[in-house]
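Asker: Shown below is the structure under consideration.
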Amino acid sequence: MTDKLKAKAIRAWTMYDWANSAFATTIMASILPNYFTMYIATDAALTLWGYTVAIGSLIAAVISPVLGAIADFRGSKKTFMAFFVALGVISTALMYLVDTPDDWLLCSVLYILGTIGFAGSLVFYDALLPHVADDDEIDEVSSRGYAMGYIGGGLMLLINVAMIFVGPGIFFPNMDGEEAIKLMMRLSLASVAVWWAVFSIPIFRHVKEPVRKIEKSEAGMNVLTVGFKRFFKALKDISKFRDLFLFLLAFFVYANGIGTIITMAVAFGSDLGFGSTILIGTLLLVQFVAAPFAILFGKISKKLGVKKSIYLSLVIYTFISIIGYFMSKEWHFILLGFGVATVQGGGQALSRSLMGTLLPKSKSAEFYGFFSVSEKFNTVIGPILFSVINQVTGNSRLAIISLVIFFIGGILLLSKVDIERGVAVAKNEDAKMVAVE
């Protein structure tokens with residue numbers, strides 16, 4: 001591949017972060033949850049939404065490793081990715097039809113399908129990273145992708161907020177105010193589908209399908225048989241990939257702390273009595289500030305090394321949790337939001353690239369499936385711990401400072417990872433595979 005084609009492939013790969021992040025910001029984090037609560041399931045809305053989110057995440061987590069193994073065997077990462085992108089886009093577009101309280105089940109089903117499409121596509125998107133970027137540039141490329149995601153997701157959310165608060169007066173001046181806002185919220189949901197579909201085109205045009213490699217014993221075997229065989233073999237032989245396993249364990253631990261801060265920050269701020277304008281404004285601040293810092297962490301990793309750079313992000317998260325205990329004013333919340341923005345993208349990007357360094361490239365989708373499991377469960381244990389401590393003590397400040405456990409635990413586990421040894425094991429596994437046309 002020429003340098004020009006390679007650069008185009010890298011740009012196309014990072015654009016998918018721009019494309020799919022609109023689903024994360026508008027559908028998962030902000031507009032849809034508000035729309036669901038205000039207009040669709042006003043009774044027991046929080047409970048219903050909680051079950052909906054949990055079901056979608058659980059299904060995505062369970063199917064990811066097996067699908068990844070099948071995609072590696074078939075040499076069809078892009079085909080599988082296209083299927084999940086289409087599932088996510090179509091499900092999101094159909095959310096426009098959710099209009100009355102009778103549509104609560106339709107909304108939940110569409111969200112679950114959209115989440116499966118979103119999460120499923122990321123397994124194969126992440127799996128393309130080690131094939132798009134060389135070993136010496138994988139950290140920077142992953143960081144650039146996260147930066148694009150923060151900008152794209154933030155820009156789509158900003159457009160949607162403008163649609164909801166300004167759009168009714170411009171486009172529907174004669175319509176009842178509440179009905180106009182409701183219509184603009186539905187249009188906002190549909191706009192995510194258009195954004196996601198259009199900006200997904202470059203990755204399918206300019207990123208090539210990696211060369212298919214299989215074990216000699218797998219030749220001629222049924223695809224489902226191989227998929228489950230590889231999945232259970234990976235579980236059985238995980239000790240062979242000791243450093244990869246230790247990293248996945250470390251990531252699972254510290255990602256729960258990060259996921260809890262992301263998902264509980266607005267609720268925590270609301271519990272302290274902060275206004276919705278400050279909360280939404282800080283969310284937008286995080287989106288745009290995180291982008292340049294994600295790129296910065298990619299450059300820092302070249303000087304400090306990827307492990308020390310992740311340590312740095314986790315130390316900052318630790319201080320954020322401690323300072324959060326003493327937070328009392330709205331400007332404190334904004335300041336902490338800025339602090340989160342400085343490490344959120346960088347820490348996640350370097351985790352993704354370190355995973356790509358430690359895994360066998362011939363089984364990238366399979367192992368990124370396990371990485372996806374850790375990502376999906378990063379909003380399970382942490383939020384449960386947060387909620388239990390808050391319920392038992394009646395003090396949300398104690399809940400936020402409890403997250404220090406995840407960051408310190410993650411640092412200790414990550415310190416056990418020997419990157420050079422892990423890379424050697426991965427290359428040895430790749431050497432056993434044979435290329436198949």
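Every chain in the structure tokens takes a letter, A first, then B, and so on in the order presented; its residues are numbered from 1, and the ligands are numbered from 1 following the presented order.
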Do a neighbour search on Lys6 (chain A) at 12 Å with only C-alpha atoms, toss out local chain neighbours closer than 4 positions, and write the hits as a list in words.

Answerer: Met1, Thr2, Ile10, Arg11, Ala12, Trp13, His131, Val132, Ala133, Asp134, Val141, His206, Val207 and Lys208 of chain A

Asker: Do a neighbour search on region 324-333 of chain A at 12 Å with only C-alpha atoms, toss out local chain neighbours closer than 4 positions, and write the hits as number ranges by chain.

Answerer: A: 261, 265-283, 285-286, 317-320, 337-340, 395-404

Asker: Go ahead and write the selection's residues with N, CA and C atoms as a compact mmCIF listing (two decimals), in the first residue's frame.

Answerer:
```
# COMPACT_ATOMS: atom_id res chain seq x y z
N ILE A 261 -18.17 7.38 36.14
CA ILE A 261 -18.08 8.86 36.09
C ILE A 261 -18.87 9.39 34.91
N ALA A 265 -22.27 11.21 36.34
CA ALA A 265 -21.86 12.58 36.63
C ALA A 265 -23.04 13.55 36.65
N VAL A 266 -23.92 13.44 35.64
CA VAL A 266 -25.07 14.34 35.57
C VAL A 266 -26.02 14.10 36.75
N ALA A 267 -26.26 12.83 37.07
CA ALA A 267 -27.13 12.51 38.21
C ALA A 267 -26.52 13.01 39.51
N PHE A 268 -25.19 12.89 39.65
CA PHE A 268 -24.50 13.37 40.84
C PHE A 268 -24.62 14.89 40.95
N GLY A 269 -24.40 15.59 39.83
CA GLY A 269 -24.54 17.04 39.83
C GLY A 269 -25.95 17.48 40.14
N SER A 270 -26.92 16.75 39.61
CA SER A 270 -28.33 17.06 39.88
C SER A 270 -28.65 16.86 41.36
N ASP A 271 -28.07 15.80 41.96
CA ASP A 271 -28.29 15.51 43.37
C ASP A 271 -27.73 16.64 44.25
N LEU A 272 -26.69 17.30 43.76
CA LEU A 272 -26.11 18.42 44.50
C LEU A 272 -26.85 19.73 44.25
N GLY A 273 -27.88 19.68 43.38
CA GLY A 273 -28.70 20.86 43.13
C GLY A 273 -28.26 21.75 42.00
N PHE A 274 -27.36 21.23 41.12
CA PHE A 274 -26.88 22.04 40.01
C PHE A 274 -27.94 22.11 38.91
N GLY A 275 -28.02 23.23 38.19
CA GLY A 275 -29.03 23.43 37.16
C GLY A 275 -28.75 22.63 35.89
N SER A 276 -29.84 22.35 35.12
CA SER A 276 -29.71 21.55 33.91
C SER A 276 -28.85 22.23 32.86
N THR A 277 -28.88 23.56 32.82
CA THR A 277 -28.05 24.27 31.84
C THR A 277 -26.57 24.01 32.09
N ILE A 278 -26.17 24.03 33.35
CA ILE A 278 -24.78 23.75 33.71
C ILE A 278 -24.43 22.31 33.37
N LEU A 279 -25.34 21.39 33.63
CA LEU A 279 -25.08 19.97 33.39
C LEU A 279 -24.92 19.69 31.90
N ILE A 280 -25.85 20.18 31.09
CA ILE A 280 -25.78 19.96 29.63
C ILE A 280 -24.59 20.70 29.04
N GLY A 281 -24.36 21.93 29.51
CA GLY A 281 -23.23 22.71 29.02
C GLY A 281 -21.91 22.03 29.30
N THR A 282 -21.79 21.42 30.48
CA THR A 282 -20.56 20.71 30.83
C THR A 282 -20.38 19.48 29.96
N LEU A 283 -21.49 18.79 29.65
CA LEU A 283 -21.43 17.62 28.76
C LEU A 283 -20.87 18.02 27.39
N LEU A 285 -19.01 20.68 26.83
CA LEU A 285 -17.62 21.06 27.07
C LEU A 285 -16.70 19.85 27.00
N VAL A 286 -17.12 18.77 27.66
CA VAL A 286 -16.32 17.55 27.68
C VAL A 286 -16.10 17.03 26.27
N TYR A 317 -7.81 10.66 37.10
CA TYR A 317 -9.16 10.22 37.47
C TYR A 317 -9.29 10.04 38.98
N THR A 318 -8.23 9.53 39.60
CA THR A 318 -8.24 9.35 41.06
C THR A 318 -8.43 10.69 41.77
N PHE A 319 -7.69 11.70 41.33
CA PHE A 319 -7.81 13.03 41.93
C PHE A 319 -9.20 13.62 41.66
N ILE A 320 -9.75 13.35 40.48
CA ILE A 320 -11.10 13.83 40.16
C ILE A 320 -12.11 13.26 41.14
N GLY A 337 -15.45 18.70 35.10
CA GLY A 337 -15.78 18.25 33.75
C GLY A 337 -14.60 18.47 32.81
N PHE A 338 -13.95 19.61 32.95
CA PHE A 338 -12.75 19.89 32.15
C PHE A 338 -11.66 18.86 32.47
N GLY A 339 -11.51 18.53 33.75
CA GLY A 339 -10.52 17.54 34.15
C GLY A 339 -10.80 16.18 33.52
N VAL A 340 -12.05 15.77 33.52
CA VAL A 340 -12.44 14.50 32.90
C VAL A 340 -12.11 14.54 31.40
N ASN A 395 -25.30 9.40 51.22
CA ASN A 395 -24.31 10.44 50.93
C ASN A 395 -23.67 10.15 49.57
N SER A 396 -24.07 10.90 48.55
CA SER A 396 -23.53 10.67 47.21
C SER A 396 -22.04 11.03 47.13
N ARG A 397 -21.56 11.84 48.05
CA ARG A 397 -20.14 12.20 48.05
C ARG A 397 -19.28 10.97 48.36
N LEU A 398 -19.74 10.14 49.29
CA LEU A 398 -19.02 8.91 49.60
C LEU A 398 -19.05 7.96 48.40
N ALA A 399 -20.14 8.01 47.63
CA ALA A 399 -20.26 7.16 46.44
C ALA A 399 -19.23 7.55 45.38
N ILE A 400 -19.05 8.85 45.18
CA ILE A 400 -18.12 9.30 44.13
C ILE A 400 -16.68 9.02 44.52
N ILE A 401 -16.34 9.16 45.80
CA ILE A 401 -14.95 8.93 46.22
C ILE A 401 -14.63 7.43 46.24
N SER A 402 -15.65 6.58 46.29
CA SER A 402 -15.43 5.13 46.29
C SER A 402 -14.83 4.65 44.97
N LEU A 403 -14.97 5.45 43.91
CA LEU A 403 -14.46 5.05 42.59
C LEU A 403 -12.94 5.00 42.55
N VAL A 404 -12.30 5.58 43.56
CA VAL A 404 -10.83 5.52 43.66
C VAL A 404 -10.36 4.06 43.62
```

Asker: Can you pull out every residue within 8 Å of Ala193 (chain A), counting only C-alpha atoms, but drop anything in the same chain fewer than 3 positions away, and send it as a ChimeraX atom specification?

Answerer: /A:88-90,92-93,189-190,196-197

Asker: Looking at A:Leu412, A:Ala431, A:Leu312, A:Ile295, which one is nearest to Phe251 (chain A), with distances taken over only C-alpha atoms?

Answerer: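 Distance minimum relative to Phe251 (chain A) lands on A:Leu412.
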
Asker: Which residue gives the smallest distance to Ile262 (chain A) among A:Glu140, A:Gly345, A:Pro101, A:Ala22, with only C-alpha atoms counted?

Answerer: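 Closest to Ile262 (chain A) of all the choices is A:Gly345.
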
Asker: For Val306 (chain A), which of A:Asp103, A:Asp418, A:Asp430, A:Glu179 is the closest residue, counting only C-alpha atoms?

Answerer: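 Among the listed residues, the smallest separation from Val306 (chain A) belongs to A:Asp418.
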
Asker: Which residues are near Arg144 (chain A)? Cut-off 9 Å, only C-alpha atoms, ignore same chain within fewer than 2 positions. Put them as a list in words.

Answerer: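 Once the adjacent positions are removed, what remains is Thr14, Asp139, Glu140, Val141, Ser142, Tyr146, Ala147, Met148, Gly149, Ala291, Pro292, Ala294, Ile295, Gly298 and Ala349 of chain A.
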
Asker: Take the residues that were just selected and, keeping N, CA and C atoms, output them as a compact mmCIF listing (two decimals), in the first residue's frame.

Answerer:
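And here is the file that came out, part_1.txt:
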```txt
# COMPACT_ATOMS: atom_id res chain seq x y z
N THR A 14 -10.68 6.67 10.94
CA THR A 14 -11.01 7.59 12.04
C THR A 14 -12.38 8.25 11.84
N ASP A 139 -0.94 3.97 18.51
CA ASP A 139 -1.44 4.82 19.60
C ASP A 139 -1.99 6.14 19.05
N GLU A 140 -1.23 6.75 18.14
CA GLU A 140 -1.66 8.04 17.59
C GLU A 140 -2.92 7.90 16.73
N VAL A 141 -3.01 6.82 15.95
CA VAL A 141 -4.19 6.62 15.10
C VAL A 141 -5.43 6.38 15.95
N SER A 142 -5.30 5.54 16.99
CA SER A 142 -6.43 5.29 17.89
C SER A 142 -6.86 6.58 18.57
N TYR A 146 -10.53 8.67 18.46
CA TYR A 146 -11.32 9.15 19.60
C TYR A 146 -11.56 10.65 19.51
N ALA A 147 -10.54 11.39 19.07
CA ALA A 147 -10.71 12.84 18.92
C ALA A 147 -11.81 13.15 17.91
N MET A 148 -11.79 12.45 16.78
CA MET A 148 -12.83 12.63 15.77
C MET A 148 -14.20 12.28 16.34
N GLY A 149 -14.24 11.25 17.17
CA GLY A 149 -15.51 10.85 17.77
C GLY A 149 -16.08 11.91 18.69
N ALA A 291 -11.34 16.16 22.61
CA ALA A 291 -10.76 15.88 21.29
C ALA A 291 -9.27 16.21 21.21
N PRO A 292 -8.84 17.45 21.49
CA PRO A 292 -7.40 17.74 21.39
C PRO A 292 -6.57 16.98 22.43
N ALA A 294 -7.20 13.95 23.49
CA ALA A 294 -7.05 12.57 23.00
C ALA A 294 -5.85 12.49 22.07
N ILE A 295 -5.71 13.48 21.17
CA ILE A 295 -4.57 13.53 20.26
C ILE A 295 -3.27 13.74 21.05
N GLY A 298 -1.93 10.63 22.52
CA GLY A 298 -1.28 9.80 21.52
C GLY A 298 0.18 10.19 21.35
N ALA A 349 -8.48 5.72 24.25
CA ALA A 349 -7.78 5.49 22.98
C ALA A 349 -6.54 4.63 23.17
```

Asker: Find, counting only C-alpha atoms, the residue in A:Ala60, A:Leu359, A:Ile31, A:Ala69 that gets nearest to Ile159 (chain A).

Answerer: A:Ile31
